[in-house]
Amino acid sequence: TDAQTGLAARSHWQEQASDSLERYHARHEPACLLMIDIDHFKPINDLHGHTVGDEVIRAVGQVIRDCVRAHDHAGRYGGDEFAVVCGNARAPEAHAIAERIRDGIAGLRLRELPGLRLTSSIGLAETQRSQLSLRDWINDADAALYRAKHAGRNQVAGSSAPMPPGMPTPPQPA
């Protein structure tokens, strides 16, 4: 468990994601991966300090916990990024979950800074035959996240749309 958010630690949700991808390839059980990023998080830390940044991370973790289904696996990816494995779900159902998360984050108000408005960008990738490894699935969700950011942030983007012309390729995980 991630101590700051109460969500699953990265290694645990990645195990769950790997299991979901294996079930998809073995039994065609669909699943979706959501990659969630808090928009403009660095300026929050820079302007208000890391204690406020920590409170934002905790509050966003709570929103995610409140919005996912009991059998989904939500975790912290790192920094201000989160991931959710939506088991036995196709893109429309996962998109609805992602929108609940996005709306919940937009509605957050911190007691210490009630004027601070938060938004998030969310990338969604449904399991595909071309995803032979967890890295492939994460890359698809990350590309969708990048698409949401490139399109103006505060939105959910799926991985099925082609990358817009001239859009830089998202960084690949190491």
# chains A, B, ... in the order shown; residues from 1 in each chain; ligands from 1

$ select_by_dssp --residues "segment 17-150 of chain A" --states "helix (DSSP H, G or I)" --output "number ranges by chain"
A: 17-27, 41-48, 50-67, 91-106, 134-150

$ residues_around --residues "segment 29-41 of chain A" --least-positions-apart "4" --cutoff "6 Å" --atoms "only C-alpha atoms" --output "PyMOL selection string"
chain A and resi 23-24+80-90+119-127+141

$ residues_around --residues "segment 61-74 of chain A" --least-positions-apart "3" --cutoff "7 Å" --atoms "only C-alpha atoms" --output "list in words"
Thr5, Leu7, Ala8, Trp13, Gln16, Ile57, Arg58, Ala83, Val84, Val85, Cys86, Gly87, Ile97, Arg100, Ile101, Gly104 and Ile105 of chain A

$ atom_distance --atom1 "atom CA of Ala91 of chain A" --atom2 "atom CA of Asp140 of chain A"
13.1 Å

$ select_by_dssp --residues "chain A" --states "strand (DSSP E)" --output "ChimeraX atom specification"
/A:31-38,73-78,81-87,120-126,156-158

$ atom_distance --atom1 "atom CA of Arg76 of chain A" --atom2 "atom CA of Gly53 of chain A"
14.8 Å

$ closest_residue --among "A:Leu118, A:Glu93, A:Arg27, A:Ile138" --to "Pro43 of chain A" --atoms "only C-alpha atoms"
A:Leu118

$ atom_distance --atom1 "atom CA of Gly115 of chain A" --atom2 "atom CA of Val156 of chain A"
23.9 Å

$ closest_residue --among "A:Asn45, A:His95, A:Gln14, A:Gln128" --to "Gly158 of chain A" --atoms "only C-alpha atoms"
A:His95

$ closest_residue --among "A:Arg147, A:Arg129, A:Arg102, A:Arg153" --to "Glu22 of chain A" --atoms "only C-alpha atoms"
A:Arg129
